[in-house]
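Colleague: Following this line is model-v3.txt, made up of compact mmCIF, C-alpha atoms:
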```
# COMPACT_ATOMS: atom_id res chain seq x y z
CA MET A 1 157.30 105.56 83.38
CA LYS A 2 153.54 105.45 83.98
CA ALA A 3 150.54 105.20 81.66
CA LEU A 4 146.91 105.85 82.53
CA PHE A 5 144.14 104.25 80.47
CA VAL A 6 140.90 106.23 80.82
CA SER A 7 137.91 104.21 79.63
CA CYS A 8 134.90 106.16 78.38
CA THR A 9 132.70 103.14 77.82
CA LEU A 10 129.04 103.68 78.74
CA LYS A 11 129.06 100.35 80.59
CA ARG A 12 129.54 100.08 84.33
CA SER A 13 131.73 97.37 85.84
CA PRO A 14 131.72 94.42 85.74
CA GLU A 15 130.13 94.51 82.27
CA ARG A 16 132.73 93.73 79.61
CA SER A 17 133.88 96.59 77.39
CA ASN A 18 134.81 96.02 73.75
CA THR A 19 137.04 99.08 73.75
CA GLU A 20 138.85 98.03 76.92
CA THR A 21 139.44 94.59 75.41
CA LEU A 22 141.27 96.12 72.45
CA GLY A 23 142.97 98.63 74.74
CA ALA A 24 144.44 95.72 76.71
CA VAL A 25 146.66 94.95 73.70
CA VAL A 26 148.17 98.45 73.98
CA ALA A 27 148.50 98.09 77.76
CA ASP A 28 150.27 94.74 77.46
CA ALA A 29 152.72 96.14 74.89
CA LEU A 30 153.53 99.07 77.20
CA THR A 31 153.93 96.75 80.18
CA GLU A 32 156.43 94.70 78.17
CA ARG A 33 158.47 97.93 77.88
CA GLY A 34 158.51 98.39 81.64
CA VAL A 35 155.68 100.94 81.83
CA GLU A 36 153.48 100.89 84.94
CA VAL A 37 149.92 100.83 83.58
CA GLY A 38 146.85 102.03 85.49
CA HIS A 39 143.18 101.96 84.48
CA VAL A 40 140.06 103.94 85.32
CA ARG A 41 136.51 103.45 84.02
CA LEU A 42 134.70 106.78 84.28
CA ALA A 43 131.23 105.18 84.18
CA ASP A 44 132.00 103.72 87.62
CA LEU A 45 132.69 107.16 89.11
CA ASP A 46 130.65 110.22 90.00
CA VAL A 47 132.00 112.77 87.51
CA PRO A 48 129.54 115.66 87.16
CA PRO A 49 129.61 118.02 84.17
CA GLY A 50 131.82 121.08 84.39
CA VAL A 51 135.08 122.65 83.28
CA ALA A 52 136.80 122.86 86.67
CA THR A 53 139.12 120.33 88.26
CA ASP A 54 136.87 120.05 91.32
CA VAL A 55 133.18 120.94 91.28
CA GLY A 56 132.60 119.73 94.86
CA ASP A 57 129.74 117.65 96.30
CA GLY A 58 131.33 114.21 95.95
CA ASP A 59 133.03 114.89 92.62
CA GLU A 60 135.44 112.02 91.88
CA TRP A 61 137.22 113.73 88.98
CA PRO A 62 140.00 115.24 91.17
CA GLY A 63 141.33 111.73 91.83
CA VAL A 64 141.45 111.03 88.09
CA HIS A 65 143.10 114.41 87.51
CA ALA A 66 145.83 113.54 90.01
CA ARG A 67 146.48 110.28 88.19
CA LEU A 68 146.70 112.14 84.86
CA LEU A 69 149.42 114.35 86.32
CA ASP A 70 151.25 111.28 87.62
CA ALA A 71 151.44 109.63 84.18
CA GLU A 72 153.63 110.37 81.19
CA ILE A 73 151.29 108.47 78.85
CA LEU A 74 147.51 108.88 78.51
CA VAL A 75 145.39 106.46 76.50
CA VAL A 76 141.74 107.40 75.97
CA LEU A 77 139.38 104.53 75.17
CA THR A 78 135.95 105.23 73.70
CA PRO A 79 133.22 103.47 71.75
CA THR A 80 131.71 105.11 68.69
CA TRP A 81 128.04 106.12 68.97
CA LEU A 82 126.32 107.85 66.04
CA GLY A 83 129.78 108.33 64.53
CA ARG A 84 130.99 110.33 67.53
CA PRO A 85 132.89 109.78 70.80
CA SER A 86 130.81 108.64 73.75
CA SER A 87 129.14 111.25 75.94
CA ILE A 88 131.51 110.22 78.72
CA ALA A 89 134.52 110.97 76.51
CA GLN A 90 133.12 114.45 75.86
CA ARG A 91 132.62 114.97 79.59
CA MET A 92 136.21 113.86 80.25
CA LEU A 93 137.53 116.44 77.78
CA GLU A 94 135.37 119.16 79.31
CA ARG A 95 136.70 118.37 82.77
CA MET A 96 140.26 118.37 81.39
CA ASP A 97 139.67 121.90 80.05
CA ALA A 98 140.87 123.26 83.40
CA MET A 99 144.35 121.94 82.55
CA MET A 100 144.64 124.62 79.84
CA THR A 101 145.69 127.23 82.39
CA ASP A 102 147.40 124.99 84.99
CA THR A 103 151.19 125.14 85.10
CA THR A 104 154.03 123.60 87.06
CA ASP A 105 156.17 125.75 89.38
CA ASP A 106 158.42 126.81 86.49
CA GLY A 107 155.47 127.89 84.31
CA THR A 108 155.29 124.80 82.11
CA PRO A 109 151.70 123.84 81.17
CA VAL A 110 150.86 120.65 83.06
CA ALA A 111 150.05 118.64 79.91
CA TYR A 112 153.41 119.43 78.29
CA ASN A 113 155.90 116.56 78.07
CA ARG A 114 153.11 113.98 78.17
CA VAL A 115 151.94 111.87 75.26
CA ALA A 116 148.47 110.62 74.42
CA GLY A 117 146.75 108.15 72.12
CA VAL A 118 143.24 106.90 71.38
CA VAL A 119 141.55 103.47 71.14
CA VAL A 120 138.13 103.26 69.46
CA THR A 121 135.65 100.46 68.76
CA GLY A 122 132.19 100.38 67.22
CA ASN A 123 130.24 98.14 64.87
CA GLU A 124 129.87 100.98 62.36
CA ASP A 125 132.30 103.52 60.91
CA GLY A 126 133.34 106.82 62.45
CA ALA A 127 136.57 105.81 64.15
CA HIS A 128 138.80 108.29 62.31
CA HIS A 129 136.43 111.11 63.19
CA VAL A 130 136.46 110.07 66.85
CA ILE A 131 140.26 109.79 66.88
CA SER A 132 140.55 113.27 65.32
CA GLU A 133 138.15 114.87 67.81
CA ILE A 134 139.86 113.46 70.88
CA SER A 135 143.41 113.91 69.59
CA GLY A 136 142.71 117.50 68.60
CA ALA A 137 141.35 118.33 72.06
CA LEU A 138 144.35 116.72 73.77
CA VAL A 139 146.75 118.68 71.58
CA ASP A 140 144.89 121.87 72.56
CA LEU A 141 145.56 121.00 76.20
CA GLY A 142 149.29 120.57 75.52
CA TYR A 143 149.65 116.81 75.10
CA THR A 144 151.91 115.47 72.37
CA VAL A 145 150.10 112.99 70.12
CA PRO A 146 152.68 110.93 68.21
CA GLY A 147 152.07 109.77 64.67
CA GLN A 148 149.91 106.63 64.48
CA ALA A 149 149.17 106.73 68.20
CA TRP A 150 145.76 105.12 67.76
CA THR A 151 144.03 101.88 66.94
CA TYR A 152 140.44 101.05 66.17
CA TRP A 153 138.07 98.30 65.19
CA ASN A 154 134.71 98.31 63.44
CA GLN A 155 132.51 95.65 61.88
CA GLY A 156 131.75 97.59 58.71
CA PRO A 157 128.63 99.33 57.39
CA GLY A 158 125.42 98.76 59.27
CA PRO A 159 124.80 97.15 62.65
CA GLY A 160 126.51 93.86 63.45
CA GLU A 161 128.65 92.00 65.93
CA ASP A 162 130.90 93.78 68.40
CA TYR A 163 134.64 93.35 68.97
CA VAL A 164 134.48 90.62 71.62
CA SER A 165 131.96 88.49 69.71
CA THR A 166 133.91 88.13 66.45
CA GLY A 167 137.46 87.62 65.25
CA HIS A 168 136.85 89.85 62.23
CA GLY A 169 139.60 92.43 61.81
CA HIS A 170 141.36 91.58 65.06
CA GLU A 171 144.78 90.97 63.51
CA TRP A 172 144.92 94.45 61.95
CA SER A 173 143.58 96.19 65.06
CA GLN A 174 145.97 94.37 67.37
CA ASN A 175 149.00 94.96 65.17
CA THR A 176 148.07 98.64 65.04
CA ALA A 177 147.66 98.61 68.83
CA ARG A 178 151.19 97.31 69.28
CA LEU A 179 152.53 99.97 66.87
CA MET A 180 150.61 102.57 68.87
CA ALA A 181 152.33 101.42 72.07
CA HIS A 182 155.73 101.58 70.37
CA ASN A 183 155.15 105.13 69.18
CA LEU A 184 153.74 106.35 72.50
CA TYR A 185 156.65 104.89 74.44
CA SER A 186 159.31 106.15 72.03
CA VAL A 187 158.06 109.74 72.07
CA ALA A 188 157.49 109.67 75.85
CA GLU A 189 161.09 108.53 76.31
CA ALA A 190 162.31 111.34 74.07
CA LEU A 191 160.37 113.93 76.07
CA VAL A 192 161.73 112.59 79.35
CA ALA A 193 165.26 112.88 77.97
CA ARG A 194 164.69 116.32 76.47
CA PRO A 195 161.53 117.99 77.83
CA VAL A 196 159.83 120.93 76.20
CA PRO A 197 160.88 123.99 78.25
CA PRO A 198 158.37 126.42 79.71
CA PRO A 199 157.05 129.04 77.27
CA GLY A 200 159.07 132.23 77.01
```
Take the structure in this file and express it as C-alpha cells.
Modeller:
Amino acid sequence: MKALFVSCTLKRSPERSNTETLGAVVADALTERGVEVGHVRLADLDVPPGVATDVGDGDEWPGVHARLLDAEILVVLTPTWLGRPSSIAQRMLERMDAMMTDTTDDGTPVAYNRVAGVVVTGNEDGAHHVISEISGALVDLGYTVPGQAWTYWNQGPGPGEDYVSTGHGHEWSQNTARLMAHNLYSVAEALVARPVPPPG
C-alpha cells in the first residue's frame, strides 16, 4: 500500500515546515504499518493555475497527478492563513478538479477506493474550517475521508509561536495524528478488500 503526502506549505525547501513536522508523525505511523510513504512539496514545483491535468509549458502537476493515482492514501498538509487553507492548497484542489470526470477502464472514477486525510497547523484558530474545506473537496472528487482522519495544532488566540518552536499542545496533536493514521490505514485496507464498484 502507498501513501502520498502533499505539502501545501508556502515555504520552499530547505526551509522547515511546521505542518510537515506534524505530518511526519502520521507518516511514521503509516510506515510502521508497512505503508510506502512518499512526499511532495508543491512550493518547490512549477504548478500553474488551472483545472486540467496538464496545462503545458513546463507544468509539473502531471507528475504529482501520476503519484496520486499510484497511492491508496492521500494526506494533504496545509498551514492556516487568515483562517483558511493556503493558496497552494486551493491551487492543488483546482488542479485535482480534472479528476472529477476521469475514470478507470471499467468506468470507476479514479478517486474511488482511495482514502484521504488532512494535517493543519497555524498559530491562530481556523483548523476545523480548513479541514472541512479540504475534506469536502476531496469527497466531491470521490475520495473516502474516514472519521477522524485529521490532526491539527494551533497556539491559541492571537499571534504566537509556531509548532516547531514550542512543545505546547504537541501530545494531543501527535496522539490525534497516530489515530488519523490508524483510521486511514483501516479504511484503505477495507477498500482494497472490497472496492466500491463502478457506478451503474
Colleague: For A:Arg33, work out the shell of residues within 10 Å, counting all atoms listed in the file and skipping chain neighbours fewer than 6 positions away, then give it as a ChimeraX atom specification.
Modeller: /A:1,27,181-182,185
Colleague: For A:Leu77, which residue out of A:Ser7, A:Thr151, A:Asn183, A:Asn175 is the nearest one, using only C-alpha atoms?
Modeller: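 Under the stated criterion, the closest residue is A:Ser7.
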Colleague: Taking all atoms listed in the file into account, name the residue in A:Gly38, A:Pro195, A:Gly117, A:Gly160 that is nearest to A:Gln148.
Modeller: A:Gly117
Colleague: A:Pro198: which residues within 7 Å, counting all atoms listed in the file, same-chain residues fewer than 3 positions away excluded, as a list of chain:residue names?
Modeller: A:Asp106, A:Gly107, A:Thr108
Colleague: For the point (132.3, 90.4, 70.9) in the file's frame, write as an mmCIF file with C-alpha atoms, in the frame of the given file all residues with an atom no more than 12 Å away, counting all atoms listed in the file.
Modeller:
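Saved result, part-v2.cif, follows:
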```cif
data_model
loop_
_atom_site.group_PDB
_atom_site.id
_atom_site.type_symbol
_atom_site.label_atom_id
_atom_site.label_comp_id
_atom_site.auth_asym_id
_atom_site.auth_seq_id
_atom_site.Cartn_x
_atom_site.Cartn_y
_atom_site.Cartn_z
ATOM 1 C CA ARG A 16 132.730 93.730 79.610
ATOM 2 C CA SER A 17 133.880 96.590 77.390
ATOM 3 C CA ASN A 18 134.810 96.020 73.750
ATOM 4 C CA THR A 19 137.040 99.080 73.750
ATOM 5 C CA GLU A 20 138.850 98.030 76.920
ATOM 6 C CA THR A 21 139.440 94.590 75.410
ATOM 7 C CA LEU A 22 141.270 96.120 72.450
ATOM 8 C CA THR A 121 135.650 100.460 68.760
ATOM 9 C CA GLY A 122 132.190 100.380 67.220
ATOM 10 C CA ASN A 123 130.240 98.140 64.870
ATOM 11 C CA TRP A 153 138.070 98.300 65.190
ATOM 12 C CA ASN A 154 134.710 98.310 63.440
ATOM 13 C CA GLN A 155 132.510 95.650 61.880
ATOM 14 C CA GLY A 160 126.510 93.860 63.450
ATOM 15 C CA GLU A 161 128.650 92.000 65.930
ATOM 16 C CA ASP A 162 130.900 93.780 68.400
ATOM 17 C CA TYR A 163 134.640 93.350 68.970
ATOM 18 C CA VAL A 164 134.480 90.620 71.620
ATOM 19 C CA SER A 165 131.960 88.490 69.710
ATOM 20 C CA THR A 166 133.910 88.130 66.450
ATOM 21 C CA GLY A 167 137.460 87.620 65.250
ATOM 22 C CA HIS A 168 136.850 89.850 62.230
ATOM 23 C CA GLY A 169 139.600 92.430 61.810
ATOM 24 C CA HIS A 170 141.360 91.580 65.060
#
```
